[in-house]
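K.L.:
Please find one structure pasted underneath; my questions will follow.
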Amino acid sequence: MSGTVVFKGVTFSSDVAPLVPRMALVNDHRESLQRLEDTWDKLGLLAQMTGSGTSIAATGAKFHALTGVLLDALAQRLRQDALRSARAKAQTLVDLLVRNLFERTADVGFLALDPALVSAAAATEIDAAQLGALQNHLTSYQAKYSVYDDILLLAADGSARVRLRQDTPARADAGLAQAALRNDAPYLERFGPSPLLGGQDGLLFCAPVRTPGGHAAAVLCLSFTLQNEMASIFAALTAGDEASVLLLLDAQRTVVASSDVHQVGLGVVLPAPRPGGTTLRFAGREYLTVQASSNGYQGYVGLGWVGCVLVPLDAAFDSTTAPMPQTAIGARLSAGNHLFGEALRTIPIQAQGIQQGLERLVWNGQLRLRKADSGDVSGTGFANVLLERVTATGRRISQVFEEAIAQLQQSAEASVVDQVRAAAALGSDILDRSFYERANDCRWWALDETLRTATRDCTPEACAQASKVLAPIHGLRS
């Protein structure tokens, strides 16, 4: 967006002008600065008495222009910081999920190599005893690592030959089974309502189970507990932020997961942002919005889902920075700050120039009053009072500008720190999860009968068979 909009006598960039009424900090400074501008009428009287009317008017014009620049910069900074914070959460949300789902692609590949499932896939019939043994075997896997609420072995017609859950009515899904069997990729990932899950939404990871001869005879399906995983991610990212709503969206902007289903429910289609891309209206409420696509992990990007953050506009620009000690303001401003553009960094210098100009006007006015003093004590006294008011006004102008710039700097620094903190938390979380996954890999592999036999017997033949099992397992994450 381009152009400007005037709001209560101040010119703002058109991209922030609609947000200014929600920015308490901007409006507080606007009112303070506009009260100072009101003093120019009184200074006009002084100008007539001292013959400095032109200089006073020029100084007033500079002050008004500088006020607009400062308030627009403050509004831009608040908007930028709010968007940056929301964007960090959206990016972390989707990257954490994709990193987790990448592990699931390896899980289904590993479990599809399990000798017990390979034998079941090759068998023409499975009797009750074999079925019970298989269910117990799969239960052991689930007990070691419970991110799956169901594990199914499908026949080629899509019917469930073996499954863990018995409390959900399941119908055959021939389309899914055939897609997995004919898939050239090592796994198939699918989300949506599934007859295998009683018509409920589910995220399924599927892989063909091949007989010793290499024939794809059955399909292994792992049903991932997506909502549990998202609840964990949401809890971490919304700590201390009760206003924002975090969402997982598909390509059609349908809500796959929500941190607050009372504000934005599952399955609803979120409207597109307004022109400019940072605000939207949903269910009668205005939101600041940001979304982020995954950066991927080792080439895996999942189903193309995006992380989205909605921040209610009435809470998007709450100021949480503590007031800066007055003694620190001048030092921090004079030190310079590369978080801001050159135009903004010159505002304190320009404000100081306005104050110095007013001081010169006062000094010149006092000189003229002394030269023109004809004994009219009351007139001279009145003029001196007004001159002192000019001096006080100049100092107040500098103070207000310094305070506003200091808050701008605090806000910018807090935003950068939040962004760095989010990146550090993401890295730490990914590392912790990776180690956790490795620990559970060991526990899963320990259930493989071929590996257990090699450990127990330690014969060359058993160890050779174990090596054949380990080689494709390592290849799943390479």
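Residues in the structure tokens are named by chain (A, B, ... in the order shown) and by number from 1 within that chain; ligands are numbered from 1 in the order shown.
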List the spatial neighbours of Ser294 in chain A as a PyMOL selection string - criterion: any atom at most 10 Å away, only C-alpha atoms, same-chain residues fewer than 4 positions off excluded.

P.N.:
chain A and resi 90-99+300-302+304-307

K.L.:
Name the residues in contact with Leu270 in chain A at a cut-off of 12 Å, using only C-alpha atoms, excluding same-chain residues fewer than 6 positions from it; report them as an MDAnalysis selection string.

P.N.:
chainID A and resid 247:256 258 263:264 280:283 287 289 291 308:310

K.L.:
What's the 12 Å shell around Gly175 in chain A, counting only C-alpha atoms, without same-chain residues fewer than 2 positions away, as a list in words?

P.N.:
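The neighbour list is Leu154, Ala155, Ala156, Asp157, Gly158, Ser159, Arg171, Ala172, Asp173, Ala177, Gln178, Ala179, Ala180, Leu181, Arg182, Asn183, Arg190, Ser194, Pro195, Leu196 and Val219 of chain A.
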
K.L.:
Any chance you could tabulate, as CSV, the residues of range 227-333 of chain A at most 10 Å from range 5-22 of chain A with each one's nearest atom pair and distance in Å to one decimal, using only C-alpha atoms, in chain and rising number order?

P.N.:
```
residue,atom,partner,partner_atom,distance
A:Pro275,CA,A:Asp15,CA,9.7
A:Gly276,CA,A:Asp15,CA,7.3
A:Thr278,CA,A:Asp15,CA,9.4
A:Thr279,CA,A:Leu19,CA,9.5
A:Leu288,CA,A:Leu19,CA,9.5
A:Leu313,CA,A:Arg22,CA,6.7
A:Asp314,CA,A:Arg22,CA,6.0
A:Ala315,CA,A:Arg22,CA,8.2
A:Ala316,CA,A:Arg22,CA,8.1
A:Phe317,CA,A:Arg22,CA,7.0
A:Asp318,CA,A:Arg22,CA,8.9
```
